[in-house]
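Heads up, target-v6.csv below (CSV, C-alpha atoms and all ligand atoms):
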chain,number,residue,atom,x,y,z
A,1,THR,CA,186.0,175.1,200.7
A,2,LYS,CA,184.8,178.7,200.7
A,3,ILE,CA,181.2,179.1,199.5
A,4,SER,CA,180.4,182.1,197.3
A,5,GLY,CA,176.7,181.5,197.2
A,6,ILE,CA,173.9,179.0,197.1
A,7,GLU,CA,171.1,178.5,194.6
A,8,LEU,CA,167.8,177.1,195.7
A,9,ARG,CA,166.0,175.8,192.6
A,10,ARG,CA,162.5,174.3,192.4
A,11,ILE,CA,161.6,171.8,189.8
A,12,ALA,CA,158.3,170.0,188.8
A,13,MET,CA,158.7,166.3,188.1
A,14,PRO,CA,155.5,164.4,187.1
A,15,LEU,CA,155.5,160.8,188.2
A,16,VAL,CA,154.9,158.1,185.6
A,17,ALA,CA,152.0,156.8,187.7
A,18,PRO,CA,150.3,158.1,190.9
A,19,PHE,CA,152.0,156.8,194.1
A,20,ARG,CA,149.5,156.1,196.9
A,21,THR,CA,150.4,155.4,200.5
A,22,SER,CA,148.4,155.4,203.7
A,23,PHE,CA,149.2,159.1,204.1
A,24,GLY,CA,148.3,160.4,200.6
A,25,VAL,CA,148.6,160.2,196.8
A,26,GLU,CA,151.6,161.7,195.0
A,27,THR,CA,151.2,162.5,191.2
A,28,SER,CA,154.1,164.9,190.8
A,29,ARG,CA,157.2,165.7,192.9
A,30,ASP,CA,157.9,169.3,193.6
A,31,VAL,CA,161.6,169.1,194.4
A,32,LEU,CA,164.0,171.6,195.9
A,33,LEU,CA,167.5,171.4,194.6
A,34,VAL,CA,170.5,173.0,196.4
A,35,ARG,CA,173.5,174.1,194.4
A,36,VAL,CA,176.5,175.2,196.3
A,37,VAL,CA,179.0,177.4,194.4
A,38,THR,CA,182.6,177.7,195.4
A,39,PRO,CA,185.6,179.2,193.6
A,40,ASP,CA,186.7,175.7,192.6
A,41,GLY,CA,183.4,174.4,191.4
A,42,GLU,CA,179.9,173.5,192.5
A,43,GLY,CA,178.0,170.8,194.4
A,44,TRP,CA,174.5,169.6,194.1
A,45,ALA,CA,171.9,168.0,196.4
A,46,GLU,CA,168.2,167.3,196.5
A,47,CYS,CA,165.9,168.1,199.4
A,48,ALA,CA,163.5,165.1,200.0
A,49,ALA,CA,160.8,167.1,201.7
A,50,MET,CA,157.4,166.5,200.0
A,51,SER,CA,154.7,169.1,199.1
A,52,GLU,CA,152.7,168.5,202.3
A,53,PRO,CA,153.7,167.6,205.9
A,54,ARG,CA,152.2,164.1,205.9
A,55,TYR,CA,155.1,161.6,205.9
A,56,CYS,CA,156.8,163.9,208.4
A,57,SER,CA,156.5,167.5,209.6
A,58,GLU,CA,158.7,169.0,206.9
A,59,TYR,CA,157.4,170.2,203.6
A,60,VAL,CA,159.2,171.7,200.6
A,61,ASP,CA,158.2,175.4,201.0
A,62,GLY,CA,159.1,175.2,204.7
A,63,ALA,CA,162.4,173.6,203.9
A,64,GLN,CA,163.3,176.4,201.5
A,65,ASP,CA,162.3,179.0,204.1
A,66,VAL,CA,164.4,177.5,206.9
A,67,LEU,CA,167.3,177.1,204.5
A,68,ARG,CA,167.1,180.8,203.4
A,69,ARG,CA,166.3,182.3,206.8
A,70,PHE,CA,168.4,180.2,209.2
A,71,LEU,CA,170.5,177.4,207.9
A,72,ILE,CA,172.4,179.0,205.0
A,73,PRO,CA,173.2,182.2,207.1
A,74,ALA,CA,174.6,179.9,209.9
A,75,LEU,CA,177.3,178.3,207.7
A,76,PRO,CA,180.8,179.1,208.8
A,77,LYS,CA,182.1,182.1,206.8
A,78,ASP,CA,185.7,181.0,206.4
A,79,GLY,CA,185.1,177.9,204.6
A,80,VAL,CA,183.4,174.6,205.3
A,81,ASP,CA,183.7,170.8,205.1
A,82,ALA,CA,180.7,168.6,205.5
A,83,ALA,CA,181.3,167.7,209.1
A,84,ALA,CA,181.5,171.5,209.9
A,85,VAL,CA,178.0,172.0,208.3
A,86,GLY,CA,176.4,169.5,210.8
A,87,ARG,CA,178.0,171.3,213.7
A,88,ALA,CA,177.0,174.8,212.5
A,89,LEU,CA,173.4,173.6,212.1
A,90,GLU,CA,173.2,171.8,215.4
A,91,PRO,CA,171.7,174.7,217.3
A,92,PHE,CA,168.5,174.5,215.1
A,93,THR,CA,166.1,171.7,216.1
A,94,GLY,CA,164.5,169.4,213.6
A,95,HIS,CA,164.4,170.4,209.9
A,96,ARG,CA,166.5,167.4,209.1
A,97,MET,CA,165.6,167.2,205.4
A,98,ALA,CA,166.6,170.8,204.9
A,99,LYS,CA,169.9,170.2,206.8
A,100,SER,CA,170.6,167.0,204.9
A,101,ALA,CA,170.3,168.8,201.6
A,102,LEU,CA,172.7,171.6,202.6
A,103,GLU,CA,175.3,169.2,204.1
A,104,SER,CA,175.1,166.9,201.0
A,105,ALA,CA,175.6,169.8,198.5
A,106,VAL,CA,178.7,171.0,200.5
A,107,LEU,CA,179.9,167.4,200.6
A,108,ASP,CA,179.4,167.0,196.8
A,109,ALA,CA,181.3,170.3,196.1
A,110,ARG,CA,184.2,169.2,198.4
A,111,LEU,CA,184.4,165.7,196.9
A,112,ARG,CA,184.3,167.0,193.3
A,113,SER,CA,187.2,169.2,194.1
A,114,THR,CA,189.3,166.4,195.6
A,115,GLY,CA,188.1,163.8,193.0
A,116,GLU,CA,186.7,161.3,195.4
A,117,SER,CA,183.3,159.6,195.0
A,118,PHE,CA,180.5,159.6,197.5
A,119,GLY,CA,180.8,155.8,197.7
A,120,SER,CA,184.6,155.9,198.4
A,121,TYR,CA,184.1,158.7,201.0
A,122,LEU,CA,181.2,156.8,202.8
A,123,GLY,CA,183.0,153.5,202.8
A,124,ALA,CA,181.2,151.5,200.1
A,125,SER,CA,182.2,147.9,199.9
A,126,ARG,CA,180.5,146.9,196.7
A,127,ASP,CA,180.3,148.3,193.1
A,128,ARG,CA,176.6,147.6,192.6
A,129,VAL,CA,173.6,147.2,194.8
A,130,PRO,CA,170.5,145.0,194.6
A,131,CYS,CA,167.3,146.9,194.1
A,132,GLY,CA,163.8,146.6,195.4
A,133,VAL,CA,160.7,148.6,194.4
A,134,SER,CA,157.9,150.2,196.6
A,135,VAL,CA,154.5,149.5,195.1
A,136,GLY,CA,151.7,151.9,196.0
A,137,ILE,CA,148.1,151.1,197.1
A,138,MET,CA,145.9,150.3,194.1
A,139,ASP,CA,142.2,150.4,193.4
A,140,SER,CA,142.0,146.6,193.0
A,141,VAL,CA,144.0,143.4,193.5
A,142,PRO,CA,144.2,142.6,189.8
A,143,GLU,CA,145.7,146.0,189.1
A,144,LEU,CA,148.3,145.4,191.9
A,145,LEU,CA,149.2,142.0,190.5
A,146,ASP,CA,149.8,143.6,187.0
A,147,ALA,CA,152.1,146.2,188.6
A,148,VAL,CA,154.1,143.6,190.6
A,149,GLU,CA,154.3,141.4,187.5
A,150,ARG,CA,155.9,144.3,185.5
A,151,TYR,CA,158.4,145.0,188.2
A,152,VAL,CA,159.4,141.4,188.6
A,153,ALA,CA,159.9,141.2,184.9
A,154,GLU,CA,162.1,144.2,185.0
A,155,GLY,CA,164.3,142.4,187.5
A,156,TYR,CA,163.5,144.0,190.8
A,157,VAL,CA,164.8,141.5,193.5
A,158,ARG,CA,162.4,142.5,196.2
A,159,ILE,CA,158.8,143.9,196.3
A,160,LYS,CA,157.5,146.2,199.0
A,161,LEU,CA,153.7,146.6,199.2
A,162,LYS,CA,152.2,149.7,200.7
A,163,ILE,CA,149.5,148.7,203.1
A,164,GLU,CA,146.7,150.4,205.2
A,165,PRO,CA,143.7,149.2,207.1
A,166,GLY,CA,141.4,147.6,204.4
A,167,TRP,CA,144.4,146.9,202.1
A,168,ASP,CA,146.7,144.5,203.8
A,169,VAL,CA,146.1,140.7,204.2
A,170,GLU,CA,144.2,140.3,201.0
A,171,PRO,CA,146.8,142.0,198.6
A,172,VAL,CA,149.7,140.3,200.4
A,173,ARG,CA,148.0,136.8,200.1
A,174,ALA,CA,147.3,137.5,196.4
A,175,VAL,CA,150.9,138.5,195.6
A,176,ARG,CA,152.2,135.4,197.5
A,177,GLU,CA,149.9,133.1,195.7
A,178,ARG,CA,150.7,134.5,192.3
A,179,PHE,CA,154.5,134.9,192.6
A,180,GLY,CA,155.4,132.1,195.1
A,181,ASP,CA,157.3,131.8,198.3
A,182,ALA,CA,160.7,132.6,196.8
A,183,LEU,CA,159.7,136.3,196.1
A,184,LEU,CA,161.3,138.6,198.6
A,185,LEU,CA,158.3,140.5,199.9
A,186,GLN,CA,157.7,143.1,202.6
A,187,VAL,CA,155.1,145.7,203.6
A,188,ASP,CA,155.1,149.3,204.6
A,189,ALA,CA,152.2,150.8,206.7
A,190,ASN,CA,153.5,154.4,207.1
A,191,ALA,CA,152.2,154.5,210.6
A,192,ALA,CA,148.6,153.6,209.7
A,193,TYR,CA,147.8,151.2,212.6
A,194,THR,CA,147.6,151.1,216.3
A,195,LEU,CA,148.4,148.5,218.9
A,196,VAL,CA,144.7,147.5,218.9
A,197,ASP,CA,145.4,146.0,215.4
A,198,ALA,CA,148.1,143.6,216.7
A,199,GLN,CA,146.0,140.5,216.2
A,200,HIS,CA,145.0,141.6,212.7
A,201,LEU,CA,148.7,142.3,211.7
A,202,ALA,CA,149.6,138.9,213.1
A,203,GLU,CA,147.6,137.4,210.2
A,204,LEU,CA,150.5,138.6,208.0
A,205,ASP,CA,152.8,136.1,209.8
A,206,GLU,CA,151.8,133.2,207.6
A,207,PHE,CA,153.2,135.0,204.4
A,208,GLY,CA,156.9,134.8,205.3
A,209,LEU,CA,157.4,138.6,204.9
A,210,LEU,CA,161.0,140.0,205.2
A,211,LEU,CA,159.6,142.7,207.5
A,212,ILE,CA,156.7,145.1,208.3
A,213,GLU,CA,157.8,148.7,208.1
A,214,GLN,CA,156.5,151.4,210.5
A,215,PRO,CA,153.2,149.8,211.5
A,216,LEU,CA,152.5,152.3,214.3
A,217,ALA,CA,152.8,156.1,214.9
A,218,ASN,CA,156.2,157.9,214.5
A,219,ASP,CA,156.6,158.5,218.3
A,220,ASP,CA,155.4,155.0,219.4
A,221,LEU,CA,158.7,153.4,220.1
A,222,VAL,CA,157.5,151.6,223.2
A,223,GLN,CA,154.3,150.3,221.5
A,224,HIS,CA,156.4,149.1,218.5
A,225,ALA,CA,158.4,147.0,221.1
A,226,GLN,CA,155.1,145.6,222.4
A,227,LEU,CA,153.9,144.9,218.9
A,228,ALA,CA,157.2,143.2,217.9
A,229,ARG,CA,156.7,140.7,220.7
A,230,LEU,CA,153.3,139.8,219.2
A,231,LEU,CA,154.4,139.3,215.6
A,232,ARG,CA,156.6,136.8,213.9
A,233,THR,CA,157.2,139.2,211.0
A,234,PRO,CA,160.3,141.4,211.9
A,235,VAL,CA,159.4,145.0,212.7
A,236,CYS,CA,161.4,147.6,210.7
A,237,LEU,CA,161.3,151.3,211.5
A,238,ASP,CA,161.3,154.2,209.1
A,239,GLU,CA,159.6,157.4,210.3
A,240,SER,CA,160.5,156.7,214.0
A,241,ILE,CA,164.2,156.9,213.4
A,242,GLU,CA,165.4,160.4,213.0
A,243,SER,CA,169.0,160.0,214.4
A,244,ALA,CA,171.6,157.5,215.6
A,245,ALA,CA,170.4,158.1,219.1
A,246,HIS,CA,166.9,157.1,218.1
A,247,ALA,CA,168.3,154.0,216.4
A,248,ALA,CA,170.2,153.0,219.6
A,249,ALA,CA,167.1,153.5,221.7
A,250,ALA,CA,164.9,151.6,219.3
A,251,ILE,CA,167.4,148.7,219.2
A,252,SER,CA,167.8,148.5,223.0
A,253,LEU,CA,164.0,148.7,223.5
A,254,GLY,CA,163.4,145.9,221.0
A,255,ALA,CA,161.2,148.3,219.0
A,256,CYS,CA,162.7,147.1,215.7
A,257,SER,CA,165.1,144.4,214.4
A,258,ILE,CA,165.7,146.1,211.1
A,259,ILE,CA,166.1,149.8,210.1
A,260,ASN,CA,165.2,151.7,206.9
A,261,VAL,CA,167.9,154.3,206.6
A,262,LYS,CA,166.9,157.5,204.7
A,263,PRO,CA,169.7,160.1,204.8
A,264,ALA,CA,167.2,162.9,204.4
A,265,ARG,CA,165.1,161.8,207.4
A,266,VAL,CA,168.1,161.7,209.7
A,267,GLY,CA,169.8,164.9,208.7
A,268,GLY,CA,172.3,163.7,206.2
A,269,TYR,CA,174.7,161.1,205.0
A,270,LEU,CA,177.1,161.4,207.9
A,271,GLU,CA,174.3,160.7,210.4
A,272,ALA,CA,173.0,157.9,208.1
A,273,ARG,CA,176.5,156.3,208.3
A,274,ARG,CA,176.4,156.6,212.1
A,275,ILE,CA,173.1,154.7,212.1
A,276,HIS,CA,174.6,152.1,209.9
A,277,ASP,CA,177.5,151.7,212.3
A,278,VAL,CA,175.3,151.5,215.4
A,279,ALA,CA,173.0,148.9,213.8
A,280,ARG,CA,175.9,146.9,212.4
A,281,ALA,CA,177.5,146.7,215.9
A,282,HIS,CA,174.2,145.2,217.1
A,283,GLY,CA,173.8,142.8,214.2
A,284,VAL,CA,170.7,144.8,213.1
A,285,PRO,CA,170.4,144.8,209.2
A,286,VAL,CA,169.7,148.1,207.5
A,287,TRP,CA,168.6,149.0,204.0
A,288,CYS,CA,168.3,152.2,202.1
A,289,GLY,CA,164.9,153.8,201.8
A,290,GLY,CA,163.8,156.4,199.3
A,291,MET,CA,161.7,159.5,198.9
A,292,LEU,CA,161.0,159.3,195.1
A,293,GLU,CA,164.3,161.1,194.4
A,294,THR,CA,165.6,162.4,191.1
A,295,GLY,CA,169.0,161.2,189.9
A,296,ILE,CA,170.7,163.6,192.2
A,297,GLY,CA,169.4,162.1,195.5
A,298,ARG,CA,169.5,158.6,194.0
A,299,ALA,CA,173.2,158.8,193.2
A,300,ALA,CA,174.1,159.5,196.8
A,301,ASN,CA,171.6,156.9,198.1
A,302,ILE,CA,173.1,154.2,195.9
A,303,ALA,CA,176.6,155.0,197.3
A,304,LEU,CA,175.2,154.7,200.8
A,305,ALA,CA,173.5,151.4,200.0
A,306,ALA,CA,176.8,149.9,199.0
A,307,LEU,CA,178.1,150.0,202.7
A,308,PRO,CA,178.6,146.6,204.2
A,309,GLY,CA,175.8,146.8,206.7
A,310,PHE,CA,173.2,147.4,204.0
A,311,THR,CA,172.3,143.7,203.8
A,312,LEU,CA,168.8,144.0,202.5
A,313,PRO,CA,167.7,145.3,199.0
A,314,GLY,CA,166.7,149.0,199.2
A,315,ASP,CA,164.0,151.2,197.7
A,316,THR,CA,166.6,152.4,195.3
A,317,SER,CA,164.7,151.8,192.1
A,318,GLY,CA,165.7,152.8,188.5
A,319,SER,CA,164.9,156.3,187.3
A,320,HIS,CA,162.1,155.1,185.1
A,321,ARG,CA,160.1,153.7,187.9
A,322,TYR,CA,159.5,157.3,188.9
A,323,PHE,CA,160.1,159.7,185.9
A,324,ALA,CA,159.8,159.5,182.1
A,325,THR,CA,162.8,161.9,182.0
A,326,ASP,CA,165.1,162.3,184.9
A,327,ILE,CA,167.2,165.4,185.4
A,328,THR,CA,170.4,163.3,185.3
A,329,GLU,CA,171.4,160.5,183.0
A,330,PRO,CA,168.9,157.8,184.1
A,331,PHE,CA,169.9,155.0,186.5
A,332,VAL,CA,169.0,151.9,184.7
A,333,LEU,CA,168.6,148.5,186.4
A,334,ALA,CA,170.9,145.7,185.1
A,335,ASP,CA,170.2,142.2,186.4
A,336,GLY,CA,168.2,143.7,189.4
A,337,HIS,CA,171.1,146.0,190.4
A,338,LEU,CA,172.2,149.6,190.0
A,339,THR,CA,175.9,150.5,189.6
A,340,VAL,CA,177.4,152.7,192.3
A,341,PRO,CA,178.7,155.9,190.6
A,342,THR,CA,182.5,156.2,190.7
A,343,GLY,CA,183.0,159.7,189.4
A,344,PRO,CA,183.9,162.7,191.7
A,345,GLY,CA,181.2,163.5,194.2
A,346,LEU,CA,177.8,162.2,193.2
A,347,GLY,CA,179.3,161.1,190.0
A,348,THR,CA,176.4,162.6,188.1
A,349,GLU,CA,174.9,166.1,187.6
A,350,PRO,CA,171.8,167.6,186.1
A,351,LEU,CA,171.6,167.8,182.4
A,352,PRO,CA,171.3,171.6,181.8
A,353,ASP,CA,168.5,171.5,179.1
A,354,VAL,CA,166.4,169.0,181.1
A,355,LEU,CA,166.9,171.0,184.2
A,356,ASP,CA,165.9,174.3,182.7
A,357,ALA,CA,162.8,172.7,181.1
A,358,VAL,CA,161.5,171.5,184.5
A,359,THR,CA,162.6,174.5,186.6
A,360,THR,CA,159.7,176.5,188.2
A,361,SER,CA,161.8,179.0,190.3
A,362,LYS,CA,165.3,180.0,191.2
A,363,GLU,CA,166.6,181.9,194.2
A,364,TRP,CA,170.3,183.0,194.7
A,365,ILE,CA,171.7,183.5,198.2
A,366,SER,CA,175.1,185.1,198.5
A,367,LEU,CA,177.3,184.3,201.4
B,1,LIG,O1,157.7,155.2,203.6
B,1,LIG,O2,159.3,154.5,202.5
B,1,LIG,C1,158.4,155.3,202.6
B,1,LIG,C2,158.1,157.4,199.4
B,1,LIG,C3,157.8,158.6,199.9
B,1,LIG,C4,157.7,158.7,201.2
B,1,LIG,C5,157.8,157.6,202.1
B,1,LIG,C6,158.1,156.4,201.6
B,1,LIG,C7,158.2,156.2,200.2
B,1,LIG,C8,158.4,154.9,199.5
B,1,LIG,C9,159.0,155.0,198.1
B,1,LIG,O3,158.1,153.9,200.0
B,1,LIG,C10,160.5,154.8,198.1
B,1,LIG,C11,161.1,155.1,196.8
B,1,LIG,O4,160.9,154.4,195.9
B,1,LIG,O5,161.7,156.2,196.7
B,2,MG,MG,158.5,153.7,204.8
Give the structure from this file in structure tokens form.
Ligand code: OSB
Ligand code: MG
Amino acid sequence: TKISGIELRRIAMPLVAPFRTSFGVETSRDVLLVRVVTPDGEGWAECAAMSEPRYCSEYVDGAQDVLRRFLIPALPKDGVDAAAVGRALEPFTGHRMAKSALESAVLDARLRSTGESFGSYLGASRDRVPCGVSVGIMDSVPELLDAVERYVAEGYVRIKLKIEPGWDVEPVRAVRERFGDALLLQVDANAAYTLVDAQHLAELDEFGLLLIEQPLANDDLVQHAQLARLLRTPVCLDESIESAAHAAAAISLGACSIINVKPARVGGYLEARRIHDVARAHGVPVWCGGMLETGIGRAANIALAALPGFTLPGDTSGSHRYFATDITEPFVLADGHLTVPTGPGLGTEPLPDVLDAVTTSKEWISL
């Protein structure tokens, strides 16, 4: 596929409700979309970088800058496939979310031209995936219970509670008491604790959680291994795993027994699949995380979540959990599941009128 040019488009997507984590509050997503244009058609992707470098070091203005300045100019001139994109970007360190968006847009363009879906290309083994939902930190326990009640009523098969010091044992106990032991329940600390909190975190052991996600700092693999030996709750890593090599290291250290795979965090869907393969070979379950994506990022994540090693429900919620109006046809939960798209490429694309209404800027880069 020869690329004629690439559009970098920014859109403003208000969230239906503020989303609070241990690292900050999100009320609106400022999303960078990448559109690759070729003589045979186009390909779309979404960059997961957030407005501020809190979840990780990337942020959306920085991602646009590195794409424009370094990554897009480094693409092979003669024509590219997705694997070639990864190789061409290899000399640049970090910036995985920016790289992931570029690789995904090229992959979408390529798959659309050959008529194959993301799911088929990646090796999906199911036609629908069970969905969980990530529930933010709230001002009070009653407010949390109301939110969880609504999600359970909508059919979500697993609830993830965001936690931080001062909002952990009490909300988890309240949700367990109200919804019972059968509810699949897990927590995500987004790196808010240190090893000194081990005894406190062990108080969560009695609630039969599926896992505790990223309790300690991003670069604390060894300390996660120490913590894992002190807890009965399985430790899952998110922020710490930026590549298949990190995944292999974390597994062999005993730093985690479950991995949250976010393609954006690890540089793309090809690296995400390699993590799936490494984890599966070690009997380590993986599940698909999320970054409050629009329908563009969501379509690809659902395809990935259909791979055989994704044995736990993901943070792949329906479009309306995030946005009143998505830029694609919305993904709607049916019986707690989302259907894996089967059309060429992502199997969905932005609705032109909606897209134009939310667009805040456009930049065209010729190749
Ligand atoms: O840690 O998994 C996380 C959202 C933004 C940044 C980090 C995280 C999250 C979520 C929500 O938990 C996942 C989603 O529903 O997209
Ligand atoms: Mg997380």
Neighbours of Glu170 in chain A within 12 Å (all atoms listed in the file; same-chain residues fewer than 6 positions away dropped), as a list in words? Ser140, Val141, Pro142, Leu144, Leu145, Leu161, Ile163, Glu164, Arg176, Glu177, His200, Leu201, Glu203, Leu204 and Phe207 of chain A
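Atom O2 of ligand LIG 1 (chain B) sits 8.5 Å away from CA of Lys262 in chain A.
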List the residues sitting within 12 Å of (159.5, 157.4, 211.7) in the file's frame, using only C-alpha atoms, as an MDAnalysis selection string. chainID A and resid 54:57 188:192 213:221 224 236:243 246:247 250 255:256 259:262 264:266 289
Store the residues picked out above in a file with C-alpha atoms, as a PDB file, keeping the file's coordinate frame.
ATOM      1  CA  ARG A  54     152.200 164.100 205.900  1.00  0.00           C
ATOM      2  CA  TYR A  55     155.100 161.600 205.900  1.00  0.00           C
ATOM      3  CA  CYS A  56     156.800 163.900 208.400  1.00  0.00           C
ATOM      4  CA  SER A  57     156.500 167.500 209.600  1.00  0.00           C
ATOM      5  CA  ASP A 188     155.100 149.300 204.600  1.00  0.00           C
ATOM      6  CA  ALA A 189     152.200 150.800 206.700  1.00  0.00           C
ATOM      7  CA  ASN A 190     153.500 154.400 207.100  1.00  0.00           C
ATOM      8  CA  ALA A 191     152.200 154.500 210.600  1.00  0.00           C
ATOM      9  CA  ALA A 192     148.600 153.600 209.700  1.00  0.00           C
ATOM     10  CA  GLU A 213     157.800 148.700 208.100  1.00  0.00           C
ATOM     11  CA  GLN A 214     156.500 151.400 210.500  1.00  0.00           C
ATOM     12  CA  PRO A 215     153.200 149.800 211.500  1.00  0.00           C
ATOM     13  CA  LEU A 216     152.500 152.300 214.300  1.00  0.00           C
ATOM     14  CA  ALA A 217     152.800 156.100 214.900  1.00  0.00           C
ATOM     15  CA  ASN A 218     156.200 157.900 214.500  1.00  0.00           C
ATOM     16  CA  ASP A 219     156.600 158.500 218.300  1.00  0.00           C
ATOM     17  CA  ASP A 220     155.400 155.000 219.400  1.00  0.00           C
ATOM     18  CA  LEU A 221     158.700 153.400 220.100  1.00  0.00           C
ATOM     19  CA  HIS A 224     156.400 149.100 218.500  1.00  0.00           C
ATOM     20  CA  CYS A 236     161.400 147.600 210.700  1.00  0.00           C
ATOM     21  CA  LEU A 237     161.300 151.300 211.500  1.00  0.00           C
ATOM     22  CA  ASP A 238     161.300 154.200 209.100  1.00  0.00           C
ATOM     23  CA  GLU A 239     159.600 157.400 210.300  1.00  0.00           C
ATOM     24  CA  SER A 240     160.500 156.700 214.000  1.00  0.00           C
ATOM     25  CA  ILE A 241     164.200 156.900 213.400  1.00  0.00           C
ATOM     26  CA  GLU A 242     165.400 160.400 213.000  1.00  0.00           C
ATOM     27  CA  SER A 243     169.000 160.000 214.400  1.00  0.00           C
ATOM     28  CA  HIS A 246     166.900 157.100 218.100  1.00  0.00           C
ATOM     29  CA  ALA A 247     168.300 154.000 216.400  1.00  0.00           C
ATOM     30  CA  ALA A 250     164.900 151.600 219.300  1.00  0.00           C
ATOM     31  CA  ALA A 255     161.200 148.300 219.000  1.00  0.00           C
ATOM     32  CA  CYS A 256     162.700 147.100 215.700  1.00  0.00           C
ATOM     33  CA  ILE A 259     166.100 149.800 210.100  1.00  0.00           C
ATOM     34  CA  ASN A 260     165.200 151.700 206.900  1.00  0.00           C
ATOM     35  CA  VAL A 261     167.900 154.300 206.600  1.00  0.00           C
ATOM     36  CA  LYS A 262     166.900 157.500 204.700  1.00  0.00           C
ATOM     37  CA  ALA A 264     167.200 162.900 204.400  1.00  0.00           C
ATOM     38  CA  ARG A 265     165.100 161.800 207.400  1.00  0.00           C
ATOM     39  CA  VAL A 266     168.100 161.700 209.700  1.00  0.00           C
ATOM     40  CA  GLY A 289     164.900 153.800 201.800  1.00  0.00           C
TER      41      GLY A 289
END
So which residues touch range 32-43 of chain A within 10 Å, counting all atoms listed in the file, skipping near sequence neighbours fewer than 4 positions away, as an mmCIF file with C-alpha atoms, in the coordinates of the input?
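Written file, out_31.cif:
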data_model
loop_
_atom_site.group_PDB
_atom_site.id
_atom_site.type_symbol
_atom_site.label_atom_id
_atom_site.label_comp_id
_atom_site.auth_asym_id
_atom_site.auth_seq_id
_atom_site.Cartn_x
_atom_site.Cartn_y
_atom_site.Cartn_z
ATOM 1 C CA THR A 1 186.000 175.100 200.700
ATOM 2 C CA LYS A 2 184.800 178.700 200.700
ATOM 3 C CA ILE A 3 181.200 179.100 199.500
ATOM 4 C CA SER A 4 180.400 182.100 197.300
ATOM 5 C CA GLY A 5 176.700 181.500 197.200
ATOM 6 C CA ILE A 6 173.900 179.000 197.100
ATOM 7 C CA GLU A 7 171.100 178.500 194.600
ATOM 8 C CA LEU A 8 167.800 177.100 195.700
ATOM 9 C CA ARG A 9 166.000 175.800 192.600
ATOM 10 C CA ARG A 10 162.500 174.300 192.400
ATOM 11 C CA ILE A 11 161.600 171.800 189.800
ATOM 12 C CA ALA A 12 158.300 170.000 188.800
ATOM 13 C CA CYS A 47 165.900 168.100 199.400
ATOM 14 C CA ALA A 48 163.500 165.100 200.000
ATOM 15 C CA ALA A 49 160.800 167.100 201.700
ATOM 16 C CA MET A 50 157.400 166.500 200.000
ATOM 17 C CA VAL A 60 159.200 171.700 200.600
ATOM 18 C CA ASP A 61 158.200 175.400 201.000
ATOM 19 C CA ALA A 63 162.400 173.600 203.900
ATOM 20 C CA GLN A 64 163.300 176.400 201.500
ATOM 21 C CA LEU A 67 167.300 177.100 204.500
ATOM 22 C CA GLY A 79 185.100 177.900 204.600
ATOM 23 C CA ALA A 98 166.600 170.800 204.900
ATOM 24 C CA ALA A 101 170.300 168.800 201.600
ATOM 25 C CA LEU A 102 172.700 171.600 202.600
ATOM 26 C CA GLU A 103 175.300 169.200 204.100
ATOM 27 C CA SER A 104 175.100 166.900 201.000
ATOM 28 C CA ALA A 105 175.600 169.800 198.500
ATOM 29 C CA VAL A 106 178.700 171.000 200.500
ATOM 30 C CA LEU A 107 179.900 167.400 200.600
ATOM 31 C CA ASP A 108 179.400 167.000 196.800
ATOM 32 C CA ALA A 109 181.300 170.300 196.100
ATOM 33 C CA ARG A 110 184.200 169.200 198.400
ATOM 34 C CA LEU A 111 184.400 165.700 196.900
ATOM 35 C CA ARG A 112 184.300 167.000 193.300
ATOM 36 C CA SER A 113 187.200 169.200 194.100
ATOM 37 C CA THR A 294 165.600 162.400 191.100
ATOM 38 C CA ILE A 296 170.700 163.600 192.200
ATOM 39 C CA GLY A 297 169.400 162.100 195.500
ATOM 40 C CA GLY A 345 181.200 163.500 194.200
ATOM 41 C CA LEU A 346 177.800 162.200 193.200
ATOM 42 C CA GLU A 349 174.900 166.100 187.600
ATOM 43 C CA THR A 359 162.600 174.500 186.600
ATOM 44 C CA SER A 361 161.800 179.000 190.300
ATOM 45 C CA LYS A 362 165.300 180.000 191.200
ATOM 46 C CA GLU A 363 166.600 181.900 194.200
ATOM 47 C CA TRP A 364 170.300 183.000 194.700
ATOM 48 C CA ILE A 365 171.700 183.500 198.200
ATOM 49 C CA SER A 366 175.100 185.100 198.500
ATOM 50 C CA LEU A 367 177.300 184.300 201.400
#
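When CA of Ile258 in chain A is paired with CA of Leu312 in chain A, their separation reads 9.4 Å.
If you count only C-alpha atoms and ignore residues fewer than 3 places along the chain from Asn301 in chain A, what sits within 8 Å of it is Pro263, Cys288, Gly290, Gly297, Arg298, Leu304, Ala305 and Thr316 of chain A.
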In the coordinates of the file, take the point (144.5, 156.3, 204.8) and a cut-off of 8 Å; then, counting all atoms listed in the file, name each qualifying protein, DNA or RNA residue as a list in words. Thr21, Ser22, Phe23, Gly24, Glu164, Pro165 and Ala192 of chain A
Save out the residues we just selected, C-alpha atoms, as a CSV table (one decimal), in the frame of the given file.
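So part_30.csv came out as:
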chain,number,residue,atom,x,y,z
A,21,THR,CA,150.4,155.4,200.5
A,22,SER,CA,148.4,155.4,203.7
A,23,PHE,CA,149.2,159.1,204.1
A,24,GLY,CA,148.3,160.4,200.6
A,164,GLU,CA,146.7,150.4,205.2
A,165,PRO,CA,143.7,149.2,207.1
A,192,ALA,CA,148.6,153.6,209.7
Given only C-alpha atoms as the counted atoms, nearest of A:Phe310, A:Tyr59, A:Tyr322, A:Tyr269 to Met13 in chain A: A:Tyr322
Would you mind reading off the distance between CA of Phe331 in chain A and CA of Ala83 in chain A, one decimal, in Å? 28.3 Å
Name the residues in contact with Lys162 in chain A at a cut-off of 10 Å, using all atoms listed in the file, excluding same-chain residues fewer than 5 positions from it; report them as a list in words. Phe19, Arg20, Thr21, Ser22, Ser134, Val135, Gly136, Ile137, Met138, Trp167, Asp168, Pro171, Val172, Gln186, Val187, Asp188, Ala189, Asn190, Ile212 and Glu213 of chain A
